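File shown: model.pdb. Contents: PDB, C-alpha atoms and all ligand atoms.
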```pdb
MODEL        1
ATOM      1  CA  MET A 313      17.688  -6.850  -1.259
ATOM      2  CA  PHE A 314      15.371  -3.949  -0.566
ATOM      3  CA  PRO A 315      17.228  -1.184   1.296
ATOM      4  CA  GLY A 316      14.891   1.594   2.363
ATOM      5  CA  ALA A 317      11.796  -0.450   1.524
ATOM      6  CA  THR A 318       8.607   1.417   2.294
ATOM      7  CA  THR A 319       5.081   1.728   0.968
ATOM      8  CA  GLU A 320       4.868   2.684  -2.692
ATOM      9  CA  LEU A 321       1.663   4.656  -2.077
ATOM     10  CA  HIS A 322       2.397   8.375  -2.366
ATOM     11  CA  HIS A 323       1.297  10.362   0.683
ATOM     12  CA  ARG A 324       2.262  13.344   2.839
ATOM     13  CA  ASN A 325       0.448  12.498   6.064
ATOM     14  CA  ALA A 326      -1.622   9.834   7.825
ATOM     15  CA  PHE A 327      -4.921  11.035   6.323
ATOM     16  CA  GLU A 328      -3.611  10.756   2.772
ATOM     17  CA  LEU A 329      -2.109   7.325   3.428
ATOM     18  CA  LEU A 330      -5.368   6.106   4.946
ATOM     19  CA  VAL A 331      -7.306   7.193   1.851
ATOM     20  CA  ALA A 332      -4.679   5.779  -0.531
ATOM     21  CA  THR A 333      -4.586   2.445   1.272
ATOM     22  CA  ILE A 334      -8.371   2.043   1.099
ATOM     23  CA  LEU A 335      -8.198   2.858  -2.625
ATOM     24  CA  SER A 336      -5.437   0.285  -3.156
ATOM     25  CA  ALA A 337      -7.729  -2.697  -2.416
ATOM     26  CA  GLN A 338      -8.002  -4.867  -5.549
ATOM     27  CA  SER A 339      -5.822  -2.329  -7.370
ATOM     28  CA  THR A 340      -2.142  -1.433  -7.681
ATOM     29  CA  ASP A 341      -0.164   1.244  -5.874
ATOM     30  CA  ALA A 342       0.855   2.715  -9.237
ATOM     31  CA  ARG A 343      -2.771   3.073 -10.294
ATOM     32  CA  VAL A 344      -3.740   4.654  -6.986
ATOM     33  CA  ASN A 345      -0.845   7.104  -7.350
ATOM     34  CA  THR A 346      -2.327   8.341 -10.622
ATOM     35  CA  VAL A 347      -5.548   9.528  -8.962
ATOM     36  CA  THR A 348      -4.408  10.740  -5.541
ATOM     37  CA  PRO A 349      -2.573  13.994  -6.481
ATOM     38  CA  ALA A 350      -5.779  15.582  -7.815
ATOM     39  CA  LEU A 351      -7.851  13.923  -5.088
ATOM     40  CA  PHE A 352      -5.711  15.281  -2.239
ATOM     41  CA  ALA A 353      -5.572  18.728  -3.832
ATOM     42  CA  LYS A 354      -9.373  18.847  -3.842
ATOM     43  CA  TYR A 355      -9.954  17.041  -0.516
ATOM     44  CA  PRO A 356      -6.932  17.887   1.670
ATOM     45  CA  ASP A 357      -8.468  16.724   4.944
ATOM     46  CA  ALA A 358     -11.260  14.710   6.536
ATOM     47  CA  ARG A 359     -13.741  17.602   6.586
ATOM     48  CA  THR A 360     -13.571  18.296   2.858
ATOM     49  CA  LEU A 361     -13.717  14.594   2.013
ATOM     50  CA  ALA A 362     -16.674  14.002   4.354
ATOM     51  CA  ALA A 363     -18.602  16.670   2.422
ATOM     52  CA  ALA A 364     -17.765  15.238  -1.017
ATOM     53  CA  ASP A 365     -20.474  14.603  -3.598
ATOM     54  CA  LEU A 366     -20.521  10.811  -3.925
ATOM     55  CA  ALA A 367     -21.300  10.758  -7.647
ATOM     56  CA  VAL A 368     -18.460  13.177  -8.400
ATOM     57  CA  LEU A 369     -16.057  11.322  -6.116
ATOM     58  CA  GLU A 370     -16.857   8.016  -7.809
ATOM     59  CA  GLN A 371     -15.664   9.443 -11.121
ATOM     60  CA  GLU A 372     -12.535  10.885  -9.503
ATOM     61  CA  ILE A 373     -11.430   7.480  -8.177
ATOM     62  CA  LYS A 374     -12.876   5.327 -10.963
ATOM     63  CA  ALA A 375      -9.456   4.232 -12.233
ATOM     64  CA  THR A 376      -8.792   2.308  -8.996
ATOM     65  CA  GLY A 377     -11.727  -0.061  -9.540
ATOM     66  CA  PHE A 378     -14.655  -0.885  -7.243
ATOM     67  CA  PHE A 379     -15.162   2.884  -7.211
ATOM     68  CA  ARG A 380     -18.718   2.966  -5.829
ATOM     69  CA  MET A 381     -17.828   0.884  -2.792
ATOM     70  CA  LYS A 382     -14.563   2.769  -2.269
ATOM     71  CA  ALA A 383     -16.241   6.184  -2.570
ATOM     72  CA  ARG A 384     -18.715   5.224   0.152
ATOM     73  CA  ALA A 385     -15.899   3.829   2.301
ATOM     74  CA  ILE A 386     -13.648   6.885   2.165
ATOM     75  CA  VAL A 387     -16.520   9.331   2.741
ATOM     76  CA  GLY A 388     -17.739   7.174   5.635
ATOM     77  CA  MET A 389     -14.224   6.987   7.031
ATOM     78  CA  ALA A 390     -13.751  10.754   6.735
ATOM     79  CA  SER A 391     -17.138  11.403   8.363
ATOM     80  CA  ALA A 392     -16.178   9.167  11.299
ATOM     81  CA  LEU A 393     -12.855  10.992  11.673
ATOM     82  CA  VAL A 394     -14.718  14.303  11.878
ATOM     83  CA  ALA A 395     -17.445  13.024  14.205
ATOM     84  CA  GLU A 396     -15.267  11.010  16.581
ATOM     85  CA  HIS A 397     -11.654  12.144  16.282
ATOM     86  CA  GLY A 398     -11.749  15.888  15.588
ATOM     87  CA  GLY A 399     -10.813  15.225  11.954
ATOM     88  CA  GLU A 400      -7.505  13.577  12.898
ATOM     89  CA  VAL A 401      -6.399   9.989  12.225
ATOM     90  CA  PRO A 402      -6.243   8.116  15.542
ATOM     91  CA  ALA A 403      -2.941   6.406  16.358
ATOM     92  CA  SER A 404      -4.309   3.118  17.681
ATOM     93  CA  MET A 405      -5.338  -0.175  16.086
ATOM     94  CA  GLU A 406      -8.534  -0.312  18.142
ATOM     95  CA  ALA A 407      -9.753   3.084  16.941
ATOM     96  CA  LEU A 408      -8.647   2.627  13.328
ATOM     97  CA  VAL A 409     -10.469  -0.657  12.754
ATOM     98  CA  GLU A 410     -13.701   0.973  13.942
ATOM     99  CA  LEU A 411     -13.581   3.299  10.917
ATOM    100  CA  PRO A 412     -15.631   2.313   7.831
ATOM    101  CA  GLY A 413     -13.522   0.520   5.220
ATOM    102  CA  VAL A 414     -10.549   0.020   7.569
ATOM    103  CA  GLY A 415      -9.327  -3.472   8.513
ATOM    104  CA  ARG A 416      -6.181  -4.598  10.315
ATOM    105  CA  LYS A 417      -4.024  -4.478   7.189
ATOM    106  CA  THR A 418      -4.964  -0.897   6.366
ATOM    107  CA  ALA A 419      -4.612   0.126  10.008
ATOM    108  CA  ASN A 420      -1.137  -1.416  10.218
ATOM    109  CA  VAL A 421      -0.048   0.351   7.014
ATOM    110  CA  VAL A 422      -1.028   3.724   8.446
ATOM    111  CA  LEU A 423       0.286   3.036  11.958
ATOM    112  CA  GLY A 424       3.663   1.857  10.701
ATOM    113  CA  HIS A 425       4.278   4.370   7.914
ATOM    114  CA  ALA A 426       2.613   7.562   9.064
ATOM    115  CA  LEU A 427       1.996   7.463  12.813
ATOM    116  CA  GLY A 428       5.204   6.021  14.237
ATOM    117  CA  VAL A 429       3.402   3.066  15.830
ATOM    118  CA  PRO A 430       4.783  -0.420  15.081
ATOM    119  CA  GLY A 431       2.537  -2.310  12.691
ATOM    120  CA  LEU A 432       3.023  -5.331  10.440
ATOM    121  CA  PRO A 433       0.582  -5.267   7.524
ATOM    122  CA  VAL A 434      -0.153  -8.719   6.110
ATOM    123  CA  ASP A 435      -1.381  -8.736   2.526
ATOM    124  CA  ARG A 436      -1.434 -11.572  -0.016
ATOM    125  CA  HIS A 437       2.277 -11.111  -0.765
ATOM    126  CA  VAL A 438       3.275 -11.313   2.894
ATOM    127  CA  GLN A 439       1.080 -14.401   3.326
ATOM    128  CA  ARG A 440       2.580 -16.161   0.302
ATOM    129  CA  VAL A 441       6.235 -15.301   0.997
ATOM    130  CA  THR A 442       6.271 -16.019   4.716
ATOM    131  CA  THR A 443       4.415 -19.311   4.457
ATOM    132  CA  ARG A 444       6.726 -20.485   1.662
ATOM    133  CA  LEU A 445       9.781 -19.488   3.671
ATOM    134  CA  GLY A 446       8.411 -21.361   6.660
ATOM    135  CA  LEU A 447       8.264 -18.279   8.881
ATOM    136  CA  ALA A 448       4.518 -18.608   9.359
ATOM    137  CA  ARG A 449       2.070 -21.518   9.475
ATOM    138  CA  GLY A 450      -1.182 -19.638  10.028
ATOM    139  CA  THR A 451      -3.991 -19.712   7.503
ATOM    140  CA  THR A 452      -5.380 -16.234   8.203
ATOM    141  CA  ALA A 453      -3.754 -12.833   7.874
ATOM    142  CA  GLU A 454      -4.316 -12.161  11.552
ATOM    143  CA  ALA A 455      -2.658 -15.425  12.621
ATOM    144  CA  ILE A 456       0.326 -14.773  10.345
ATOM    145  CA  GLU A 457       0.636 -11.229  11.675
ATOM    146  CA  ALA A 458       0.818 -12.585  15.229
ATOM    147  CA  GLU A 459       3.431 -15.209  14.284
ATOM    148  CA  LEU A 460       5.671 -12.698  12.499
ATOM    149  CA  CYS A 461       5.350 -10.066  15.224
ATOM    150  CA  ALA A 462       6.422 -12.661  17.787
ATOM    151  CA  GLN A 463       9.655 -13.271  15.832
ATOM    152  CA  LEU A 464      10.717  -9.667  15.280
ATOM    153  CA  PRO A 465      11.315  -6.613  17.450
ATOM    154  CA  PRO A 466       8.500  -4.063  17.000
ATOM    155  CA  ASP A 467      10.763  -1.506  15.337
ATOM    156  CA  GLN A 468      11.290  -3.967  12.459
ATOM    157  CA  TRP A 469       7.656  -4.963  11.868
ATOM    158  CA  THR A 470       6.830  -2.403   9.209
ATOM    159  CA  LEU A 471      10.128  -2.729   7.350
ATOM    160  CA  ALA A 472       9.768  -6.522   7.363
ATOM    161  CA  SER A 473       6.300  -6.274   5.851
ATOM    162  CA  ASP A 474       7.535  -3.870   3.167
ATOM    163  CA  CYS A 475      10.400  -6.244   2.293
ATOM    164  CA  PHE A 476       8.067  -9.263   2.080
ATOM    165  CA  ILE A 477       5.704  -7.279  -0.146
ATOM    166  CA  LEU A 478       8.481  -6.242  -2.539
ATOM    167  CA  HIS A 479       9.878  -9.786  -2.547
ATOM    168  CA  GLY A 480       6.406 -11.120  -3.344
ATOM    169  CA  ARG A 481       5.952  -8.658  -6.194
ATOM    170  CA  ARG A 482       9.374  -9.087  -7.780
ATOM    171  CA  VAL A 483      10.697 -12.557  -6.954
ATOM    172  CA  CYS A 484       8.400 -14.789  -4.898
ATOM    173  CA  ARG A 485       5.474 -14.302  -7.253
ATOM    174  CA  PRO A 486       2.623 -16.801  -7.458
ATOM    175  CA  ARG A 487       4.955 -18.582  -9.907
ATOM    176  CA  PRO A 488       8.180 -18.019  -7.955
ATOM    177  CA  LEU A 489      11.560 -17.124  -9.495
ATOM    178  CA  CYS A 490      13.437 -19.366  -7.046
ATOM    179  CA  GLU A 491      16.662 -19.576  -9.067
ATOM    180  CA  LYS A 492      17.006 -15.783  -8.735
ATOM    181  CA  CYS A 493      16.126 -15.737  -5.037
ATOM    182  CA  VAL A 494      18.909 -14.967  -2.546
ATOM    183  CA  VAL A 495      17.108 -16.614   0.380
ATOM    184  CA  ARG A 496      16.391 -19.912  -1.354
ATOM    185  CA  THR A 497      18.783 -21.887   0.850
ATOM    186  CA  ASP A 498      16.656 -20.806   3.849
ATOM    187  CA  CYS A 499      13.316 -21.464   2.175
ATOM    188  CA  GLU A 500      11.203 -24.473   3.119
ATOM    189  CA  PHE A 501       9.326 -24.371  -0.179
ATOM    190  CA  TYR A 502      12.525 -24.320  -2.257
ATOM    191  CA  LEU A 503      14.260 -26.993  -0.207
ATOM    192  CA  ALA A 504      11.222 -29.266  -0.491
ATOM    193  CA  GLN A 505      11.218 -28.822  -4.277
ATOM    194  CA  ALA A 506      14.965 -29.413  -4.483
ATOM    195  CA  ALA A 507      14.942 -32.532  -2.290
ATOM    196  CA  PRO A 508      16.227 -35.522  -4.277
ATOM    197  CA  VAL A 509      13.511 -37.925  -5.373
ATOM    198  CA  ARG A 510      14.246 -41.329  -3.932
ATOM    199  CA  PRO A 511      13.964 -44.227  -6.343
ATOM    200  CA  PRO A 512      11.293 -46.772  -5.442
ATOM    201  CA  VAL A 513      12.543 -49.580  -3.194
ATOM    202  CA  ARG A 514      12.944 -52.824  -5.134
ATOM    203  CA  ARG A 515      11.963 -55.927  -3.267
ATOM    204  CA  ARG A 516      14.219 -58.896  -3.829
ATOM    205  CA  ARG A 517      12.490 -61.965  -5.029
ATOM    206  CA  THR A 518      12.818 -64.796  -2.597
ATOM    207  CA  SER A 519      11.762 -67.528  -4.995
TER     208      SER A 519
HETATM  209  S1  LIG A 601      13.155 -19.650  -2.846
HETATM  210 FE1  LIG A 601      11.350 -19.450  -4.168
HETATM  211  S2  LIG A 601       9.591 -19.897  -2.848
HETATM  212 FE2  LIG A 601      11.355 -19.470  -1.505
HETATM  213  S3  LIG A 601      11.212 -17.281  -1.020
HETATM  214 FE3  LIG A 601      12.551 -17.484  -2.795
HETATM  215  S4  LIG A 601      11.209 -17.248  -4.587
HETATM  216 FE4  LIG A 601       9.904 -17.667  -2.790
ENDMDL
END
```
Render the structure in this file as structure tokens.
Amino acid sequence: MFPGATTELHHRNAFELLVATILSAQSTDARVNTVTPALFAKYPDARTLAAADLAVLEQEIKATGFFRMKARAIVGMASALVAEHGGEVPASMEALVELPGVGRKTANVVLGHALGVPGLPVDRHVQRVTTRLGLARGTTAEAIEAELCAQLPPDQWTLASDCFILHGRRVCRPRPLCEKCVVRTDCEFYLAQAAPVRPPVRRRRTS
């Protein structure tokens, strides 16, 4: 269904994808893509972003929402890159999640799409789609990530996440379009809905 699926966040390197992914929280990729061209032209690397004026930066990213918190997060992240990683984005989960504003999902996005390290980002779409399909039973993103990673070879983790995300956006929405879904015959949620309703058992009168 989704040949060549990948992140819809525009980026040219790991630094840009890290910034864009932090900005995408509670926003849309399309909205983030409207602010990042000018942002990356002005702040092309961690050093320039670490030195940004917070008040100015807030206005530059305002369209993505939660701009005060995000401005602090990306400046803090950039400062940590400069102070601890020579301005480069580290290629490990352990180091990435130590950066301000970076959780497992963001780290996996950057690892899988920009650093060549297998990663399976779990966002709300991945959670919804994989639990409906019956591929995951966990109730946290981290538990679902572990379940999905255990079922797939590492070189398919990132592509699988991208496919689940696109499926969740276009077909398996909160109100799912099951009749248009090509995997419905493999879907626990759909099969449970489609199961015939048994009529109530009638007891025979004995007197
Ligand atoms: S059949 Fe429905 S619930 Fe199952 S994956 Fe497709 S859209 Fe989602």
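Excluding range 353-355 of chain A itself and any same-chain residue fewer than 5 positions from it, the protein and nucleic acid residues within 12 Å of it, counting only C-alpha atoms, are His323, Arg324, Phe327, Glu328, Val331, Val347, Thr348, Thr360, Leu361, Ala362, Ala363, Ala364, Asp365, Val368, Leu369, Glu372, Ile386, Val387 and Ala390 of chain A.
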Mind listing the residues within 9 Å of ligand LIG 601 (chain A), all atoms listed in the file counted, as an mmCIF file with C-alpha atoms, in the coordinates of the input?
```
data_model
loop_
_atom_site.group_PDB
_atom_site.id
_atom_site.type_symbol
_atom_site.label_atom_id
_atom_site.label_comp_id
_atom_site.auth_asym_id
_atom_site.auth_seq_id
_atom_site.Cartn_x
_atom_site.Cartn_y
_atom_site.Cartn_z
ATOM 1 C CA ARG A 440 2.580 -16.161 0.302
ATOM 2 C CA VAL A 441 6.235 -15.301 0.997
ATOM 3 C CA THR A 442 6.271 -16.019 4.716
ATOM 4 C CA THR A 443 4.415 -19.311 4.457
ATOM 5 C CA ARG A 444 6.726 -20.485 1.662
ATOM 6 C CA LEU A 445 9.781 -19.488 3.671
ATOM 7 C CA GLY A 446 8.411 -21.361 6.660
ATOM 8 C CA HIS A 479 9.878 -9.786 -2.547
ATOM 9 C CA GLY A 480 6.406 -11.120 -3.344
ATOM 10 C CA ARG A 482 9.374 -9.087 -7.780
ATOM 11 C CA VAL A 483 10.697 -12.557 -6.954
ATOM 12 C CA CYS A 484 8.400 -14.789 -4.898
ATOM 13 C CA ARG A 485 5.474 -14.302 -7.253
ATOM 14 C CA PRO A 486 2.623 -16.801 -7.458
ATOM 15 C CA ARG A 487 4.955 -18.582 -9.907
ATOM 16 C CA PRO A 488 8.180 -18.019 -7.955
ATOM 17 C CA LEU A 489 11.560 -17.124 -9.495
ATOM 18 C CA CYS A 490 13.437 -19.366 -7.046
ATOM 19 C CA GLU A 491 16.662 -19.576 -9.067
ATOM 20 C CA LYS A 492 17.006 -15.783 -8.735
ATOM 21 C CA CYS A 493 16.126 -15.737 -5.037
ATOM 22 C CA VAL A 494 18.909 -14.967 -2.546
ATOM 23 C CA VAL A 495 17.108 -16.614 0.380
ATOM 24 C CA ARG A 496 16.391 -19.912 -1.354
ATOM 25 C CA THR A 497 18.783 -21.887 0.850
ATOM 26 C CA ASP A 498 16.656 -20.806 3.849
ATOM 27 C CA CYS A 499 13.316 -21.464 2.175
ATOM 28 C CA GLU A 500 11.203 -24.473 3.119
ATOM 29 C CA PHE A 501 9.326 -24.371 -0.179
ATOM 30 C CA TYR A 502 12.525 -24.320 -2.257
ATOM 31 C CA LEU A 503 14.260 -26.993 -0.207
#
```
Take the PyMOL selection byres (((chain A and resi 332-344) around 8) and not hetatm), apply it to the structure above, and return the hits as an MDAnalysis selection string.
chainID A and resid 320:323 328:331 345:348 373 375:378 382 385:386 413:414 418 421
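Distance-wise, CA of Pro430 in chain A and CA of Met389 in chain A end up 21.9 Å apart.
Take CA of Val438 in chain A and CA of Ala453 in chain A: the distance between them is 8.7 Å.
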Evaluate the PyMOL selection byres (((chain A and resi 433) around 9) and not hetatm) here and jot the selected residues down as a ChimeraX atom specification.
/A:416-421,424,431-432,434-435,438,453,457,469-470,473-474
